[in-house]
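Source file: data_2.txt (compact mmCIF, N, CA, C and O atoms)
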# COMPACT_ATOMS: atom_id res chain seq x y z
N MET A 1 0.84 -1.17 0.00
CA MET A 1 0.00 0.00 0.00
C MET A 1 0.89 1.23 0.00
O MET A 1 1.72 1.39 0.88
N PRO A 2 0.71 2.10 -0.96
CA PRO A 2 1.52 3.32 -0.98
C PRO A 2 1.16 4.24 0.18
O PRO A 2 0.00 4.38 0.55
N LEU A 3 2.16 4.85 0.72
CA LEU A 3 1.98 5.82 1.80
C LEU A 3 2.70 7.09 1.41
O LEU A 3 3.91 7.07 1.16
N VAL A 4 1.97 8.19 1.33
CA VAL A 4 2.56 9.46 0.92
C VAL A 4 3.10 10.17 2.15
O VAL A 4 2.37 10.40 3.11
N ALA A 5 4.36 10.53 2.09
CA ALA A 5 5.00 11.22 3.21
C ALA A 5 5.16 12.70 2.90
O ALA A 5 5.07 13.14 1.76
N SER A 6 5.42 13.46 3.96
CA SER A 6 5.68 14.87 3.82
C SER A 6 6.96 15.17 4.59
O SER A 6 7.90 14.38 4.57
N LYS A 7 7.00 16.29 5.29
CA LYS A 7 8.19 16.66 6.06
C LYS A 7 7.98 16.44 7.55
O LYS A 7 8.91 16.24 8.29
N TYR A 8 6.73 16.55 8.01
CA TYR A 8 6.43 16.51 9.44
C TYR A 8 4.98 16.09 9.56
O TYR A 8 4.38 15.60 8.61
N TRP A 9 4.36 16.28 10.71
CA TRP A 9 2.96 15.94 10.88
C TRP A 9 2.12 16.72 9.88
O TRP A 9 2.27 17.92 9.73
N ASN A 10 1.20 16.04 9.22
CA ASN A 10 0.39 16.65 8.17
C ASN A 10 -0.83 17.34 8.78
O ASN A 10 -1.92 16.79 8.83
N MET A 11 -0.61 18.57 9.28
CA MET A 11 -1.71 19.33 9.86
C MET A 11 -1.36 20.80 9.89
O MET A 11 -0.19 21.18 9.77
N VAL A 12 -2.39 21.62 10.01
CA VAL A 12 -2.22 23.05 10.23
C VAL A 12 -2.99 23.40 11.49
O VAL A 12 -3.89 22.67 11.90
N HIS A 13 -2.61 24.51 12.12
CA HIS A 13 -3.24 24.90 13.37
C HIS A 13 -3.95 26.23 13.21
O HIS A 13 -3.45 27.13 12.54
N GLY A 14 -5.11 26.35 13.86
CA GLY A 14 -5.87 27.59 13.86
C GLY A 14 -7.33 27.32 14.16
O GLY A 14 -7.84 26.24 13.87
N ASN A 15 -7.97 28.31 14.76
CA ASN A 15 -9.39 28.17 15.09
C ASN A 15 -10.29 28.67 13.96
O ASN A 15 -11.49 28.42 13.98
N ASN A 16 -9.72 29.38 13.01
CA ASN A 16 -10.49 29.88 11.87
C ASN A 16 -9.54 30.02 10.68
O ASN A 16 -8.32 29.92 10.85
N PRO A 17 -10.07 30.22 9.49
CA PRO A 17 -9.20 30.29 8.30
C PRO A 17 -8.10 31.34 8.39
O PRO A 17 -7.00 31.13 7.88
N GLU A 18 -8.37 32.47 9.04
CA GLU A 18 -7.36 33.52 9.15
C GLU A 18 -6.17 33.04 10.00
O GLU A 18 -5.02 33.34 9.68
N GLU A 19 -6.45 32.30 11.08
CA GLU A 19 -5.37 31.78 11.91
C GLU A 19 -4.59 30.69 11.19
O GLU A 19 -3.38 30.59 11.34
N VAL A 20 -5.28 29.88 10.42
CA VAL A 20 -4.61 28.83 9.66
C VAL A 20 -3.63 29.44 8.67
O VAL A 20 -2.51 28.95 8.49
N LYS A 21 -4.00 30.55 8.04
CA LYS A 21 -3.12 31.22 7.08
C LYS A 21 -1.84 31.71 7.74
O LYS A 21 -0.84 31.91 7.06
N GLN A 22 -1.84 31.90 9.04
CA GLN A 22 -0.65 32.36 9.76
C GLN A 22 0.31 31.22 10.10
O GLN A 22 1.45 31.45 10.46
N ASP A 23 -0.16 29.97 9.99
CA ASP A 23 0.68 28.81 10.28
C ASP A 23 1.50 28.48 9.03
O ASP A 23 1.18 27.57 8.27
N LEU A 24 2.55 29.25 8.80
CA LEU A 24 3.33 29.10 7.57
C LEU A 24 4.01 27.74 7.49
O LEU A 24 4.09 27.15 6.41
N GLU A 25 4.49 27.22 8.61
CA GLU A 25 5.14 25.91 8.60
C GLU A 25 4.12 24.82 8.25
O GLU A 25 4.40 23.92 7.45
N GLY A 26 2.93 24.88 8.83
CA GLY A 26 1.90 23.89 8.54
C GLY A 26 1.47 23.94 7.09
O GLY A 26 1.26 22.90 6.45
N LEU A 27 1.33 25.14 6.54
CA LEU A 27 0.96 25.28 5.13
C LEU A 27 2.05 24.74 4.22
O LEU A 27 1.77 24.09 3.21
N HIS A 28 3.31 24.97 4.58
CA HIS A 28 4.43 24.44 3.80
C HIS A 28 4.40 22.91 3.82
O HIS A 28 4.59 22.26 2.79
N THR A 29 4.13 22.34 4.98
CA THR A 29 4.06 20.88 5.11
C THR A 29 2.93 20.32 4.25
O THR A 29 3.10 19.31 3.57
N MET A 30 1.79 20.98 4.24
CA MET A 30 0.66 20.51 3.45
C MET A 30 0.92 20.64 1.94
O MET A 30 0.53 19.77 1.16
N ARG A 31 1.61 21.71 1.52
CA ARG A 31 1.98 21.84 0.10
C ARG A 31 2.94 20.73 -0.31
O ARG A 31 2.82 20.16 -1.40
N THR A 32 3.89 20.40 0.57
CA THR A 32 4.82 19.31 0.29
C THR A 32 4.08 17.99 0.17
O THR A 32 4.33 17.20 -0.73
N LEU A 33 3.13 17.76 1.07
CA LEU A 33 2.31 16.54 1.01
C LEU A 33 1.54 16.49 -0.30
O LEU A 33 1.50 15.44 -0.96
N ALA A 34 0.93 17.59 -0.70
CA ALA A 34 0.15 17.62 -1.94
C ALA A 34 1.04 17.34 -3.15
O ALA A 34 0.65 16.58 -4.06
N ARG A 35 2.24 17.93 -3.19
CA ARG A 35 3.16 17.70 -4.30
C ARG A 35 3.57 16.23 -4.36
O ARG A 35 3.60 15.62 -5.43
N ASN A 36 3.88 15.65 -3.20
CA ASN A 36 4.28 14.24 -3.16
C ASN A 36 3.13 13.32 -3.56
O ASN A 36 3.34 12.32 -4.25
N MET A 37 1.91 13.66 -3.14
CA MET A 37 0.75 12.84 -3.49
C MET A 37 0.49 12.91 -4.99
O MET A 37 0.21 11.89 -5.62
N ALA A 38 0.59 14.10 -5.56
CA ALA A 38 0.38 14.24 -7.01
C ALA A 38 1.43 13.45 -7.78
O ALA A 38 1.10 12.78 -8.77
N TRP A 39 2.67 13.51 -7.34
CA TRP A 39 3.73 12.76 -8.02
C TRP A 39 3.45 11.26 -7.97
O TRP A 39 3.58 10.56 -8.97
N LEU A 40 3.04 10.76 -6.79
CA LEU A 40 2.77 9.33 -6.66
C LEU A 40 1.61 8.91 -7.56
O LEU A 40 1.70 7.89 -8.26
N LEU A 41 0.53 9.68 -7.58
CA LEU A 41 -0.61 9.34 -8.41
C LEU A 41 -0.25 9.36 -9.89
O LEU A 41 -0.68 8.49 -10.65
N LYS A 42 0.55 10.33 -10.31
CA LYS A 42 0.97 10.39 -11.72
C LYS A 42 1.87 9.21 -12.07
O LYS A 42 1.77 8.64 -13.16
N SER A 43 2.74 8.81 -11.15
CA SER A 43 3.64 7.70 -11.45
C SER A 43 2.88 6.38 -11.49
O SER A 43 3.19 5.50 -12.29
N ILE A 44 1.85 6.23 -10.65
CA ILE A 44 1.05 5.00 -10.69
C ILE A 44 0.22 4.97 -11.98
O ILE A 44 0.11 3.94 -12.63
N GLU A 45 -0.33 6.11 -12.36
CA GLU A 45 -1.17 6.19 -13.55
C GLU A 45 -0.38 5.93 -14.82
O GLU A 45 -0.87 5.30 -15.75
N GLY A 46 0.86 6.38 -14.86
CA GLY A 46 1.64 6.29 -16.08
C GLY A 46 2.34 4.97 -16.29
O GLY A 46 2.82 4.70 -17.38
N ASN A 47 2.41 4.15 -15.29
CA ASN A 47 3.16 2.89 -15.41
C ASN A 47 2.26 1.71 -15.12
O ASN A 47 1.33 1.79 -14.34
N ASP A 48 2.57 0.61 -15.77
CA ASP A 48 1.86 -0.63 -15.46
C ASP A 48 2.33 -1.13 -14.11
O ASP A 48 3.50 -0.97 -13.73
N LEU A 49 1.42 -1.74 -13.40
CA LEU A 49 1.80 -2.31 -12.11
C LEU A 49 2.64 -3.56 -12.34
O LEU A 49 2.51 -4.24 -13.36
N PRO A 50 3.52 -3.89 -11.39
CA PRO A 50 4.35 -5.08 -11.58
C PRO A 50 3.50 -6.35 -11.60
O PRO A 50 2.42 -6.40 -11.01
N GLU A 51 4.01 -7.34 -12.29
CA GLU A 51 3.32 -8.62 -12.38
C GLU A 51 3.28 -9.27 -11.00
O GLU A 51 4.29 -9.29 -10.28
N GLN A 52 2.13 -9.78 -10.62
CA GLN A 52 2.00 -10.40 -9.30
C GLN A 52 2.08 -11.91 -9.43
O GLN A 52 1.56 -12.49 -10.39
N GLU A 53 2.72 -12.53 -8.45
CA GLU A 53 2.82 -13.99 -8.43
C GLU A 53 1.54 -14.59 -7.87
O GLU A 53 0.80 -13.95 -7.14
N GLU A 54 1.32 -15.83 -8.21
CA GLU A 54 0.17 -16.55 -7.66
C GLU A 54 0.41 -16.76 -6.16
O GLU A 54 1.54 -16.99 -5.72
N LYS A 55 -0.66 -16.66 -5.37
CA LYS A 55 -0.52 -16.83 -3.92
C LYS A 55 -0.10 -18.25 -3.59
O LYS A 55 -0.54 -19.22 -4.22
N VAL A 56 0.77 -18.37 -2.60
CA VAL A 56 1.24 -19.66 -2.13
C VAL A 56 0.93 -19.75 -0.64
O VAL A 56 1.24 -18.82 0.12
N PHE A 57 0.28 -20.82 -0.23
CA PHE A 57 -0.04 -21.01 1.18
C PHE A 57 0.78 -22.16 1.73
O PHE A 57 0.97 -23.18 1.09
N THR A 58 1.27 -21.97 2.93
CA THR A 58 2.06 -23.00 3.60
C THR A 58 1.24 -23.55 4.76
O THR A 58 0.73 -22.79 5.58
N ASN A 59 1.15 -24.87 4.83
CA ASN A 59 0.46 -25.52 5.94
C ASN A 59 1.52 -25.92 6.96
O ASN A 59 2.32 -26.82 6.72
N PHE A 60 1.54 -25.25 8.10
CA PHE A 60 2.55 -25.53 9.11
C PHE A 60 2.15 -26.72 10.01
O PHE A 60 2.94 -27.16 10.82
N ILE A 61 0.93 -27.18 9.89
CA ILE A 61 0.48 -28.33 10.67
C ILE A 61 0.70 -29.57 9.84
O ILE A 61 0.13 -29.76 8.78
N ARG A 62 1.56 -30.44 10.32
CA ARG A 62 1.88 -31.64 9.56
C ARG A 62 1.48 -32.87 10.31
O ARG A 62 1.48 -33.01 11.43
Before we go any further, please render this structure as structure tokens.
Amino acid sequence: MPLVASKYWNMVHGNNPEEVKQDLEGLHTMRTLARNMAWLLKSIEGNDLPEQEEKVFTNFIR
């Protein structure tokens, strides 16, 4: 499962939109997350997924 990372915790702080706009570090983190997510989605869309092997089950009870 792909997991998109950023630089730090993916959140902004503020009680209203005006306060959120003052959290420059949080906004920077969210922009980084958005850029990384867009890159991952474009790379998945543009490439075929790797070939998957048939599932193999092991019976440990003999």
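Close contacts of segment 20-36 of chain A, defined as residues with an atom at most 10 Å away when counting only C-alpha atoms, with chain neighbours fewer than 3 positions off set aside, comprise Val4, Ala5, Ser6, Lys7, Tyr8, Trp9, Asn10, Met11, Val12, His13, Gly14, Asn15, Asn16, Pro17, Trp39, Leu40, Leu41 and Lys42 of chain A.
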Report, in Å to a single decimal, how far apart atom C of Met1 of chain A and atom CA of Gly46 of chain A are. 16.9 Å
What separation in Å, quoted to one decimal, exists between atom CA of Ala38 of chain A and atom CA of Pro2 of chain A?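 These atoms are spaced 12.5 Å apart.
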Just list as a ChimeraX atom specification whatever in chain A DSSP marks as alpha helix (DSSP H). /A:17-22,24-46
